[in-house]
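Q: Next comes the structure file coords26.csv, holding CSV, C-alpha atoms.
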chain,number,residue,atom,x,y,z
C,1464,MET,CA,-94.0,-144.9,29.7
C,1465,ILE,CA,-93.4,-143.7,33.2
C,1466,ARG,CA,-93.8,-140.1,34.2
C,1467,GLY,CA,-93.7,-138.0,37.4
C,1468,ARG,CA,-91.9,-140.4,39.8
C,1469,ALA,CA,-89.8,-139.3,42.7
C,1470,SER,CA,-87.5,-141.4,44.8
C,1471,GLY,CA,-85.5,-141.9,47.9
C,1472,THR,CA,-84.9,-144.4,50.7
C,1473,PRO,CA,-87.7,-145.1,53.1
C,1474,ASP,CA,-87.0,-145.9,56.7
C,1475,GLY,CA,-87.5,-149.3,58.2
C,1476,PRO,CA,-86.5,-152.9,57.4
C,1477,ARG,CA,-86.8,-154.3,54.0
C,1478,ARG,CA,-89.7,-156.7,53.7
C,1479,PRO,CA,-89.5,-159.7,51.4
C,1480,TRP,CA,-91.6,-159.1,48.3
C,1481,GLY,CA,-94.9,-160.9,48.3
C,1482,ALA,CA,-95.2,-161.0,52.1
C,1483,THR,CA,-98.6,-160.2,53.5
C,1484,LEU,CA,-98.5,-156.9,55.3
C,1485,ALA,CA,-100.5,-156.7,58.5
C,1486,ALA,CA,-101.4,-153.1,57.8
C,1487,LEU,CA,-102.4,-153.8,54.3
C,1488,VAL,CA,-106.1,-153.2,53.7
C,1489,PHE,CA,-107.8,-154.3,50.4
C,1490,LEU,CA,-110.6,-151.9,49.7
C,1491,LEU,CA,-111.7,-154.1,46.8
C,1492,SER,CA,-110.3,-156.9,44.7
C,1493,ALA,CA,-109.1,-156.3,41.2
C,1494,CYS,CA,-111.2,-157.6,38.4
C,1495,SER,CA,-110.3,-158.2,34.8
C,1496,GLY,CA,-113.6,-156.8,33.5
C,1497,GLY,CA,-112.9,-153.3,34.7
C,1498,GLY,CA,-114.6,-151.2,37.3
C,1499,GLY,CA,-113.0,-148.5,39.5
C,1500,ALA,CA,-110.2,-149.3,41.8
C,1501,GLY,CA,-111.8,-147.1,44.6
C,1502,GLU,CA,-110.3,-144.5,46.8
C,1503,ARG,CA,-107.1,-145.7,48.4
C,1504,SER,CA,-104.4,-144.3,50.7
C,1505,LEU,CA,-100.7,-144.9,50.9
C,1506,GLY,CA,-101.2,-147.5,53.7
C,1507,ASP,CA,-103.0,-149.7,51.3
C,1508,TYR,CA,-99.9,-150.4,49.3
C,1509,HIS,CA,-96.7,-152.5,49.7
C,1510,ARG,CA,-93.5,-150.4,50.0
C,1511,THR,CA,-90.1,-151.9,49.8
C,1512,ALA,CA,-87.0,-150.2,51.2
C,1513,LEU,CA,-84.2,-149.5,48.7
C,1514,ARG,CA,-80.8,-150.8,49.7
C,1515,ALA,CA,-77.9,-150.5,47.3
C,1516,GLY,CA,-76.5,-153.8,48.3
C,1517,ASP,CA,-79.6,-155.6,47.0
C,1518,PHE,CA,-79.1,-154.7,43.4
C,1519,VAL,CA,-77.3,-156.5,40.5
C,1520,ASP,CA,-76.3,-155.9,36.9
C,1521,PRO,CA,-79.5,-154.6,35.3
C,1522,THR,CA,-78.7,-156.2,32.0
C,1523,SER,CA,-79.1,-159.7,33.3
C,1524,THR,CA,-82.8,-159.5,32.4
C,1525,ALA,CA,-84.0,-161.7,35.3
C,1526,ASN,CA,-87.6,-160.3,35.1
C,1527,ARG,CA,-89.4,-162.3,32.5
C,1528,PHE,CA,-92.1,-159.6,32.0
C,1529,TYR,CA,-89.7,-156.7,31.8
C,1530,PRO,CA,-86.5,-157.7,30.0
C,1531,LEU,CA,-83.7,-155.2,30.3
C,1532,ARG,CA,-81.5,-156.5,27.5
C,1533,PRO,CA,-79.5,-153.7,25.7
C,1534,GLY,CA,-80.6,-153.4,22.0
C,1535,MET,CA,-84.2,-154.5,22.5
C,1536,GLN,CA,-86.6,-152.1,20.8
C,1537,TRP,CA,-90.4,-152.1,21.0
C,1538,VAL,CA,-92.6,-150.1,18.7
C,1539,ARG,CA,-96.2,-149.6,19.9
C,1540,ALA,CA,-98.8,-147.7,17.8
C,1541,GLY,CA,-102.3,-146.5,18.3
C,1542,THR,CA,-104.0,-143.2,19.1
C,1543,THR,CA,-103.9,-140.3,21.6
C,1544,VAL,CA,-106.0,-137.2,22.1
C,1545,ILE,CA,-104.7,-133.7,21.4
C,1546,GLY,CA,-107.3,-131.1,22.4
C,1547,SER,CA,-110.5,-132.8,21.3
C,1548,ARG,CA,-109.0,-134.6,18.4
C,1549,LYS,CA,-107.9,-138.3,18.3
C,1550,VAL,CA,-104.7,-138.5,16.3
C,1551,PRO,CA,-102.2,-141.3,15.4
C,1552,HIS,CA,-99.7,-142.1,18.2
C,1553,GLN,CA,-96.5,-144.1,18.3
C,1554,VAL,CA,-94.0,-144.9,21.0
C,1555,ILE,CA,-90.5,-146.3,20.2
C,1556,SER,CA,-88.9,-147.8,23.4
C,1557,THR,CA,-85.3,-148.7,23.2
C,1558,MET,CA,-83.2,-150.4,25.9
C,1559,THR,CA,-79.8,-148.8,25.5
C,1560,ASP,CA,-76.4,-149.8,26.9
C,1561,VAL,CA,-76.0,-146.7,29.0
C,1562,VAL,CA,-75.8,-147.6,32.7
C,1563,ARG,CA,-75.7,-144.9,35.5
C,1564,THR,CA,-75.1,-145.3,39.2
C,1565,ILE,CA,-78.0,-143.6,41.0
C,1566,HIS,CA,-78.1,-143.5,44.8
C,1567,GLY,CA,-75.6,-146.3,44.7
C,1568,VAL,CA,-77.7,-148.5,42.4
C,1569,PRO,CA,-76.7,-149.4,38.8
C,1570,ALA,CA,-79.6,-148.5,36.5
C,1571,ILE,CA,-79.9,-148.9,32.7
C,1572,ALA,CA,-81.4,-146.2,30.6
C,1573,MET,CA,-84.5,-146.9,28.4
C,1574,LEU,CA,-85.2,-144.3,25.7
C,1575,ASP,CA,-88.8,-143.5,24.9
C,1576,GLN,CA,-89.7,-141.5,21.8
C,1577,ASP,CA,-93.4,-140.4,21.4
C,1578,ILE,CA,-94.6,-139.4,18.0
C,1579,ASP,CA,-98.0,-137.8,17.7
C,1580,ALA,CA,-99.6,-137.1,14.3
C,1581,GLY,CA,-96.3,-137.7,12.6
C,1582,GLN,CA,-94.3,-135.3,14.8
C,1583,ILE,CA,-92.0,-135.9,17.8
C,1584,ALA,CA,-93.9,-134.9,20.9
C,1585,GLU,CA,-91.7,-136.2,23.7
C,1586,GLU,CA,-88.3,-137.9,24.3
C,1587,SER,CA,-87.7,-139.4,27.7
C,1588,ILE,CA,-85.2,-141.5,29.7
C,1589,ASP,CA,-86.4,-144.0,32.4
C,1590,TYR,CA,-83.6,-145.4,34.6
C,1591,LEU,CA,-84.4,-149.0,35.5
C,1592,ALA,CA,-82.7,-151.2,38.1
C,1593,LEU,CA,-82.8,-154.9,39.0
C,1594,ASP,CA,-82.6,-156.3,42.5
C,1595,THR,CA,-81.5,-159.8,43.6
C,1596,SER,CA,-85.1,-161.0,43.7
C,1597,GLY,CA,-85.7,-160.0,40.1
C,1598,ASN,CA,-87.9,-157.0,40.8
C,1599,VAL,CA,-87.5,-154.1,38.3
C,1600,TRP,CA,-87.2,-150.7,40.0
C,1601,LEU,CA,-87.8,-147.2,38.6
C,1602,MET,CA,-84.8,-145.1,39.7
C,1603,GLY,CA,-85.4,-141.8,37.8
C,1604,SER,CA,-86.7,-140.1,34.7
C,1605,TYR,CA,-86.3,-137.1,32.5
C,1606,THR,CA,-88.7,-135.9,29.7
C,1607,ALA,CA,-88.1,-133.3,27.0
C,1608,GLN,CA,-91.3,-132.1,25.3
C,1609,TYR,CA,-91.5,-130.7,21.8
C,1610,SER,CA,-93.9,-128.8,19.6
C,1611,GLY,CA,-93.4,-128.5,15.8
C,1612,GLY,CA,-90.1,-130.3,16.2
C,1613,ARG,CA,-88.8,-127.7,18.7
C,1614,PHE,CA,-88.1,-128.1,22.4
C,1615,THR,CA,-90.7,-126.4,24.6
C,1616,ASN,CA,-90.3,-127.8,28.1
C,1617,SER,CA,-88.8,-130.3,30.4
C,1618,ALA,CA,-90.8,-132.4,32.8
C,1619,ASP,CA,-90.6,-135.3,35.3
C,1620,ALA,CA,-87.0,-134.7,36.1
C,1621,TRP,CA,-86.0,-136.8,39.2
C,1622,LEU,CA,-83.3,-139.2,40.3
C,1623,GLY,CA,-83.2,-141.7,43.3
C,1624,GLY,CA,-82.6,-140.0,46.6
C,1625,SER,CA,-83.7,-136.5,45.4
C,1626,ALA,CA,-86.3,-134.2,46.9
C,1627,GLY,CA,-87.3,-136.5,49.7
C,1628,GLY,CA,-89.3,-138.8,47.5
C,1629,GLU,CA,-89.2,-142.6,47.2
C,1630,ALA,CA,-88.2,-145.0,44.5
C,1631,GLY,CA,-90.3,-148.1,44.1
C,1632,ILE,CA,-90.8,-151.3,42.1
C,1633,LEU,CA,-92.0,-150.8,38.6
C,1634,LEU,CA,-92.8,-154.5,38.1
C,1635,PRO,CA,-92.4,-157.3,40.7
C,1636,ALA,CA,-90.4,-160.5,39.8
C,1637,ASP,CA,-93.2,-162.9,40.0
C,1638,PRO,CA,-96.5,-161.0,40.1
C,1639,GLY,CA,-99.9,-162.7,40.5
C,1640,ARG,CA,-103.4,-162.0,41.7
C,1641,SER,CA,-102.3,-162.5,45.3
C,1642,THR,CA,-99.6,-159.9,45.0
C,1643,PRO,CA,-100.5,-156.8,47.1
C,1644,PRO,CA,-100.8,-153.5,45.3
C,1645,TRP,CA,-97.4,-151.8,45.3
C,1646,VAL,CA,-95.9,-148.3,45.2
C,1647,ILE,CA,-94.0,-147.5,42.0
C,1648,GLY,CA,-92.8,-144.2,43.2
C,1649,LEU,CA,-93.6,-141.2,45.4
C,1650,GLU,CA,-93.2,-137.5,44.8
C,1651,LYS,CA,-94.0,-136.9,48.4
C,1652,GLU,CA,-95.8,-138.8,51.2
C,1653,GLY,CA,-99.2,-139.9,49.9
C,1654,GLN,CA,-98.7,-138.7,46.4
C,1655,GLY,CA,-97.3,-140.9,43.7
C,1656,THR,CA,-98.0,-143.9,41.5
C,1657,ALA,CA,-98.9,-147.5,42.2
C,1658,GLY,CA,-99.7,-150.8,40.5
C,1659,GLN,CA,-101.9,-153.8,41.0
C,1660,VAL,CA,-102.2,-157.1,39.2
C,1661,VAL,CA,-105.6,-157.4,37.5
C,1662,GLU,CA,-105.0,-160.7,35.7
C,1663,SER,CA,-102.3,-163.3,35.0
C,1664,GLY,CA,-102.1,-166.0,32.4
C,1665,ALA,CA,-104.2,-164.2,29.9
C,1666,HIS,CA,-104.3,-164.8,26.1
C,1667,THR,CA,-103.9,-161.5,24.3
C,1668,CYS,CA,-103.5,-160.6,20.7
C,1669,VAL,CA,-102.0,-157.4,19.3
C,1670,LYS,CA,-101.1,-156.5,15.7
C,1671,PHE,CA,-97.6,-158.0,16.0
C,1672,ALA,CA,-98.6,-161.4,17.5
C,1673,CYS,CA,-100.7,-163.4,20.0
C,1674,TYR,CA,-99.3,-164.2,23.4
C,1675,ASP,CA,-100.1,-166.6,26.2
C,1676,GLY,CA,-99.4,-166.1,29.9
C,1677,VAL,CA,-99.9,-162.3,29.7
C,1678,LEU,CA,-99.8,-160.2,32.9
C,1679,VAL,CA,-102.3,-157.3,33.2
C,1680,VAL,CA,-101.4,-154.5,35.6
C,1681,ARG,CA,-103.6,-151.6,36.7
C,1682,GLU,CA,-101.6,-148.5,37.1
C,1683,GLY,CA,-102.5,-145.1,38.4
C,1684,GLU,CA,-102.2,-142.6,41.2
C,1685,ILE,CA,-102.1,-143.6,44.9
C,1686,GLY,CA,-105.5,-142.2,45.5
C,1687,ASN,CA,-107.1,-143.4,42.3
C,1688,LEU,CA,-105.4,-146.5,40.8
C,1689,ASP,CA,-107.7,-146.9,37.8
C,1690,ASN,CA,-105.9,-144.8,35.2
C,1691,GLU,CA,-104.7,-147.4,32.7
C,1692,PHE,CA,-104.1,-151.1,32.1
C,1693,LYS,CA,-100.7,-152.3,30.9
C,1694,TYR,CA,-100.3,-155.8,29.4
C,1695,TYR,CA,-96.9,-157.7,29.6
C,1696,ALA,CA,-96.0,-160.8,27.7
C,1697,PRO,CA,-93.4,-163.3,29.0
C,1698,ASP,CA,-89.9,-162.6,27.6
C,1699,VAL,CA,-91.3,-159.8,25.5
C,1700,GLY,CA,-92.4,-156.9,27.8
C,1701,GLN,CA,-95.2,-154.5,27.3
C,1702,ILE,CA,-97.4,-155.3,24.4
C,1703,LEU,CA,-100.5,-153.2,25.0
C,1704,ASN,CA,-101.7,-150.1,26.9
C,1705,THR,CA,-105.3,-149.1,27.3
C,1706,PRO,CA,-106.7,-146.1,29.2
C,1707,ARG,CA,-109.5,-146.5,31.7
C,1708,ARG,CA,-112.8,-144.6,31.4
C,1709,ASP,CA,-112.2,-142.4,34.5
C,1710,GLY,CA,-108.4,-142.1,34.1
C,1711,ARG,CA,-106.4,-139.1,32.9
C,1712,GLY,CA,-104.6,-141.1,30.2
C,1713,ALA,CA,-105.7,-141.1,26.6
C,1714,ASP,CA,-103.0,-143.2,24.9
C,1715,VAL,CA,-103.9,-146.5,23.2
C,1716,GLU,CA,-100.8,-148.4,22.3
C,1717,GLU,CA,-100.3,-151.9,20.9
C,1718,LEU,CA,-97.1,-153.7,19.9
C,1719,VAL,CA,-96.5,-153.5,16.1
C,1720,ASN,CA,-92.8,-154.4,16.0
C,1721,LEU,CA,-90.1,-156.0,18.3
C,1722,THR,CA,-86.5,-156.2,17.2
C,1723,ASP,CA,-82.9,-156.4,18.4
C,1724,LEU,CA,-80.9,-153.5,17.1
C,1725,SER,CA,-77.7,-153.8,15.3
C,1726,PRO,CA,-74.6,-152.5,17.1
C,1727,THR,CA,-74.9,-149.3,15.0
C,1728,GLY,CA,-78.5,-148.8,15.9
C,1729,LEU,CA,-77.8,-149.4,19.6
C,1730,ALA,CA,-75.0,-146.9,19.5
C,1731,GLU,CA,-77.3,-144.3,18.0
C,1732,ALA,CA,-79.9,-144.8,20.7
C,1733,SER,CA,-77.3,-144.6,23.4
C,1734,THR,CA,-75.9,-141.4,21.9
C,1735,GLU,CA,-79.5,-139.9,22.0
C,1736,VAL,CA,-79.7,-140.7,25.7
C,1737,GLN,CA,-76.4,-139.0,26.4
C,1738,GLN,CA,-77.6,-135.9,24.5
C,1739,LEU,CA,-80.8,-135.9,26.5
C,1740,GLU,CA,-78.7,-136.2,29.7
C,1741,GLY,CA,-76.7,-133.2,28.6
C,1742,HIS,CA,-79.9,-131.3,28.1
C,1743,ALA,CA,-81.1,-132.4,31.6
C,1744,ARG,CA,-77.9,-131.0,33.2
C,1745,GLU,CA,-78.8,-127.7,31.7
C,1746,THR,CA,-82.5,-127.7,32.7
C,1747,ALA,CA,-82.2,-129.5,36.0
C,1748,PRO,CA,-78.5,-129.0,37.1
C,1749,ASP,CA,-79.3,-129.7,40.8
C,1750,LEU,CA,-80.3,-133.3,39.9
C,1751,PHE,CA,-78.3,-134.2,36.9
C,1752,ALA,CA,-74.8,-133.3,38.0
C,1753,ALA,CA,-71.9,-135.5,36.9
C,1754,ARG,CA,-72.4,-139.1,38.0
C,1755,SER,CA,-70.6,-142.4,38.1
C,1756,THR,CA,-71.0,-143.9,34.6
C,1757,ARG,CA,-70.3,-147.2,32.8
C,1758,THR,CA,-71.6,-148.7,29.6
C,1759,SER,CA,-72.2,-152.4,29.0
Will you turn the file into structure tokens for me?
A:
Amino acid sequence: MIRGRASGTPDGPRRPWGATLAALVFLLSACSGGGGAGERSLGDYHRTALRAGDFVDPTSTANRFYPLRPGMQWVRAGTTVIGSRKVPHQVISTMTDVVRTIHGVPAIAMLDQDIDAGQIAEESIDYLALDTSGNVWLMGSYTAQYSGGRFTNSADAWLGGSAGGEAGILLPADPGRSTPPWVIGLEKEGQGTAGQVVESGAHTCVKFACYDGVLVVREGEIGNLDNEFKYYAPDVGQILNTPRRDGRGADVEELVNLTDLSPTGLAEASTEVQQLEGHARETAPDLFAARSTRTS
């Protein structure tokens, strides 16, 4: 799940993904066995300019580690920490067929539903786009938080081009150990989230199945990248999330079910997204005004 990203369009020419940046400085190399990622600054990360003409239909699912096919639903289960207690935790992620145009870019809405200790804790929308190279971008997000089944707060409300931030690549098209660390999104200059490949081609087992060719990505803040590890299986997507010792995250999630929804199930998930968007227009009207819309 992605939270707290901001976006916009950085100045300067677009660089081809995977190119070595002259200004890129590696403070240390990633290692699969752990260890801190060290202190970094924004200049240590690859940034790619967002250009609306570089994007395609997001439902074409060209990224093998992050399929965007409407109707796919992942259920990951594990634990989280509430106060000082470790409690059961479940995330249901559904790729809907709701597509919005954000900053001139078509983006598909993924619905995340977090359930802690048997009660809904959060519902969120992540807007995901696909460029011609197969990179998956994060274009916006909205989160509604609940306590005792009742809405308490909204968080992480942003859309591409708002508040002077910067959209970024959530997952590159063909990532490997030689891929430079990259910016996922900036709230403002120097503050945001980034990713780095830790391992590729791994063999990883979760409750649902065992997978080969797994990609492991370290994700965290610009200044301290070592927050959590995310594991992606080819043609499946995220199968595992583990927090790092010094990170702020506490969620452990592993894939327990993967399915393609029926037309009725897909329609229900898409309706839930539309209802959340209606709520977003009430709580963040300056961002979530009426937008160009289509459904697949």
Q: Residues of region 1652-1724 of chain C that approach region 1502-1517 of chain C to 10 Å or less, counting all atoms listed in the file: could you list each one with the shortest pair of atoms and its distance in Å to one decimal, rows by chain and increasing residue number, as a tab-separated table?
A:
residue	atom	partner	partner_atom	distance
C:Glu1652	CA	C:Leu1505	CA	7.8
C:Gly1653	CA	C:Leu1505	CA	5.3
C:Gln1654	CA	C:Leu1505	CA	7.9
C:Gly1655	CA	C:Leu1505	CA	8.9
C:Thr1656	CA	C:Leu1505	CA	9.8
C:Ala1657	CA	C:Tyr1508	CA	7.7
C:Gly1658	CA	C:Tyr1508	CA	8.8
C:Gln1659	CA	C:Tyr1508	CA	9.2
C:Glu1684	CA	C:Arg1503	CA	9.2
C:Ile1685	CA	C:Ser1504	CA	6.3
C:Gly1686	CA	C:Arg1503	CA	4.8
C:Asn1687	CA	C:Glu1502	CA	5.6
C:Leu1688	CA	C:Arg1503	CA	7.8
C:Asp1689	CA	C:Glu1502	CA	9.7
Q: Mind dumping a table of every region 1588-1674 of chain C residue within 9 Å of region 1721-1741 of chain C, with the nearest atom pair and its distance in Å to one decimal, using all atoms listed in the file, sorted by chain and rising number, as a Markdown table?
A:
| residue | atom | partner | partner_atom | distance |
| --- | --- | --- | --- | --- |
| C:Ile1588 | CA | C:Val1736 | CA | 6.8 |
| C:Tyr1605 | CA | C:Glu1740 | CA | 8.1 |
| C:Thr1606 | CA | C:Leu1739 | CA | 8.5 |
| C:Ala1607 | CA | C:Leu1739 | CA | 7.8 |
| C:Phe1671 | CA | C:Leu1721 | CA | 8.1 |
Q: Counting all atoms listed in the file, figure out which residue out of C:Asp1589, C:Gly1700, C:Glu1629, C:Ala1584 gets nearest to Tyr1609 (chain C).
A: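 Selected residue with least distance to Tyr1609 (chain C): C:Ala1584.
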Q: Please determine the residues with any atom at most 12 Å from (-100.0, -145.4, 24.6) (coordinates as given in the file, with all atoms listed in the file counting) and report them as a PyMOL selection string.
A: chain C and resi 1464-1465+1538-1544+1550-1556+1575-1579+1691-1694+1701-1707+1712-1718
Q: C:Glu1586, C:Trp1537, C:Arg1527, C:Met1602: which is nearest Val1562 (chain C), counting all atoms listed in the file?
A: C:Met1602
Q: For Asp1594 (chain C), work out the shell of residues within 8 Å, counting all atoms listed in the file and skipping chain neighbours fewer than 5 positions away, then give it as a list in words.
A: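 Non-adjacent residues within range: Asp1517, Phe1518, Val1519, Val1599 and Trp1600 of chain C.
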Q: Quote the spacing between CA of Ala1672 (chain C) and CA of Pro1697 (chain C) in Å to one decimal place.
A: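 Rounded to one decimal, the two atoms are 12.8 Å apart.
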Q: CA of Val1680 (chain C) and CA of Gln1536 (chain C), how far apart in Å?
A: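 We find that CA of Gln1536 (chain C) and CA of Val1680 (chain C) lie 21.1 Å from each other.
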Q: One number please: CA of Pro1569 (chain C) to CA of Asp1520 (chain C), in Å, one decimal.
A: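 CA of Pro1569 (chain C) sits 6.8 Å away from CA of Asp1520 (chain C).
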Q: Could region 1713-1739 of chain C be completed with N, CA and C atoms and written as a PDB file, in the frame of the given file, please?
A:
ATOM      1  N   ALA C1713    -104.930-141.014  27.865  1.00  0.00           N
ATOM      2  CA  ALA C1713    -105.700-141.100  26.600  1.00  0.00           C
ATOM      3  C   ALA C1713    -105.006-141.968  25.585  1.00  0.00           C
ATOM      4  N   ASP C1714    -103.827-142.493  25.898  1.00  0.00           N
ATOM      5  CA  ASP C1714    -103.000-143.200  24.900  1.00  0.00           C
ATOM      6  C   ASP C1714    -103.464-144.660  24.796  1.00  0.00           C
ATOM      7  N   VAL C1715    -103.705-145.089  23.568  1.00  0.00           N
ATOM      8  CA  VAL C1715    -103.900-146.500  23.200  1.00  0.00           C
ATOM      9  C   VAL C1715    -102.702-146.946  22.438  1.00  0.00           C
ATOM     10  N   GLU C1716    -102.000-147.957  22.915  1.00  0.00           N
ATOM     11  CA  GLU C1716    -100.800-148.400  22.300  1.00  0.00           C
ATOM     12  C   GLU C1716    -100.758-149.930  22.188  1.00  0.00           C
ATOM     13  N   GLU C1717    -100.477-150.497  21.023  1.00  0.00           N
ATOM     14  CA  GLU C1717    -100.300-151.900  20.900  1.00  0.00           C
ATOM     15  C   GLU C1717     -99.033-152.234  20.103  1.00  0.00           C
ATOM     16  N   LEU C1718     -98.376-153.319  20.466  1.00  0.00           N
ATOM     17  CA  LEU C1718     -97.100-153.700  19.900  1.00  0.00           C
ATOM     18  C   LEU C1718     -97.277-153.947  18.364  1.00  0.00           C
ATOM     19  N   VAL C1719     -96.448-153.270  17.541  1.00  0.00           N
ATOM     20  CA  VAL C1719     -96.500-153.500  16.100  1.00  0.00           C
ATOM     21  C   VAL C1719     -95.117-154.011  15.595  1.00  0.00           C
ATOM     22  N   ASN C1720     -94.080-153.899  16.428  1.00  0.00           N
ATOM     23  CA  ASN C1720     -92.800-154.400  16.000  1.00  0.00           C
ATOM     24  C   ASN C1720     -91.889-154.608  17.256  1.00  0.00           C
ATOM     25  N   LEU C1721     -91.077-155.663  17.216  1.00  0.00           N
ATOM     26  CA  LEU C1721     -90.100-156.000  18.300  1.00  0.00           C
ATOM     27  C   LEU C1721     -88.835-156.443  17.574  1.00  0.00           C
ATOM     28  N   THR C1722     -87.707-155.814  17.899  1.00  0.00           N
ATOM     29  CA  THR C1722     -86.500-156.200  17.200  1.00  0.00           C
ATOM     30  C   THR C1722     -85.280-156.022  18.138  1.00  0.00           C
ATOM     31  N   ASP C1723     -84.183-156.664  17.769  1.00  0.00           N
ATOM     32  CA  ASP C1723     -82.900-156.400  18.400  1.00  0.00           C
ATOM     33  C   ASP C1723     -82.057-155.573  17.491  1.00  0.00           C
ATOM     34  N   LEU C1724     -81.663-154.418  17.968  1.00  0.00           N
ATOM     35  CA  LEU C1724     -80.900-153.500  17.100  1.00  0.00           C
ATOM     36  C   LEU C1724     -79.545-153.998  16.770  1.00  0.00           C
ATOM     37  N   SER C1725     -79.058-153.539  15.649  1.00  0.00           N
ATOM     38  CA  SER C1725     -77.700-153.800  15.300  1.00  0.00           C
ATOM     39  C   SER C1725     -76.768-152.970  16.184  1.00  0.00           C
ATOM     40  N   PRO C1726     -75.466-153.289  16.252  1.00  0.00           N
ATOM     41  CA  PRO C1726     -74.600-152.500  17.100  1.00  0.00           C
ATOM     42  C   PRO C1726     -74.619-150.986  16.700  1.00  0.00           C
ATOM     43  N   THR C1727     -74.793-150.688  15.411  1.00  0.00           N
ATOM     44  CA  THR C1727     -74.900-149.300  15.000  1.00  0.00           C
ATOM     45  C   THR C1727     -76.157-148.643  15.513  1.00  0.00           C
ATOM     46  N   GLY C1728     -77.279-149.367  15.418  1.00  0.00           N
ATOM     47  CA  GLY C1728     -78.500-148.800  15.900  1.00  0.00           C
ATOM     48  C   GLY C1728     -78.529-148.613  17.414  1.00  0.00           C
ATOM     49  N   LEU C1729     -77.923-149.550  18.134  1.00  0.00           N
ATOM     50  CA  LEU C1729     -77.800-149.400  19.600  1.00  0.00           C
ATOM     51  C   LEU C1729     -76.954-148.217  19.942  1.00  0.00           C
ATOM     52  N   ALA C1730     -75.858-148.030  19.239  1.00  0.00           N
ATOM     53  CA  ALA C1730     -75.000-146.900  19.500  1.00  0.00           C
ATOM     54  C   ALA C1730     -75.700-145.569  19.276  1.00  0.00           C
ATOM     55  N   GLU C1731     -76.548-145.513  18.243  1.00  0.00           N
ATOM     56  CA  GLU C1731     -77.300-144.300  18.000  1.00  0.00           C
ATOM     57  C   GLU C1731     -78.279-143.977  19.080  1.00  0.00           C
ATOM     58  N   ALA C1732     -78.976-145.010  19.583  1.00  0.00           N
ATOM     59  CA  ALA C1732     -79.900-144.800  20.700  1.00  0.00           C
ATOM     60  C   ALA C1732     -79.211-144.363  21.947  1.00  0.00           C
ATOM     61  N   SER C1733     -78.073-144.965  22.234  1.00  0.00           N
ATOM     62  CA  SER C1733     -77.300-144.600  23.400  1.00  0.00           C
ATOM     63  C   SER C1733     -76.780-143.173  23.334  1.00  0.00           C
ATOM     64  N   THR C1734     -76.378-142.773  22.147  1.00  0.00           N
ATOM     65  CA  THR C1734     -75.900-141.400  21.900  1.00  0.00           C
ATOM     66  C   THR C1734     -77.078-140.418  22.180  1.00  0.00           C
ATOM     67  N   GLU C1735     -78.296-140.796  21.757  1.00  0.00           N
ATOM     68  CA  GLU C1735     -79.500-139.900  22.000  1.00  0.00           C
ATOM     69  C   GLU C1735     -79.715-139.760  23.480  1.00  0.00           C
ATOM     70  N   VAL C1736     -79.545-140.845  24.254  1.00  0.00           N
ATOM     71  CA  VAL C1736     -79.700-140.700  25.700  1.00  0.00           C
ATOM     72  C   VAL C1736     -78.666-139.785  26.285  1.00  0.00           C
ATOM     73  N   GLN C1737     -77.434-139.898  25.850  1.00  0.00           N
ATOM     74  CA  GLN C1737     -76.400-139.000  26.400  1.00  0.00           C
ATOM     75  C   GLN C1737     -76.653-137.563  26.031  1.00  0.00           C
ATOM     76  N   GLN C1738     -77.220-137.310  24.860  1.00  0.00           N
ATOM     77  CA  GLN C1738     -77.600-135.900  24.500  1.00  0.00           C
ATOM     78  C   GLN C1738     -78.713-135.410  25.359  1.00  0.00           C
ATOM     79  N   LEU C1739     -79.697-136.271  25.632  1.00  0.00           N
ATOM     80  CA  LEU C1739     -80.800-135.900  26.500  1.00  0.00           C
ATOM     81  C   LEU C1739     -80.273-135.598  27.926  1.00  0.00           C
TER      82      LEU C1739
END
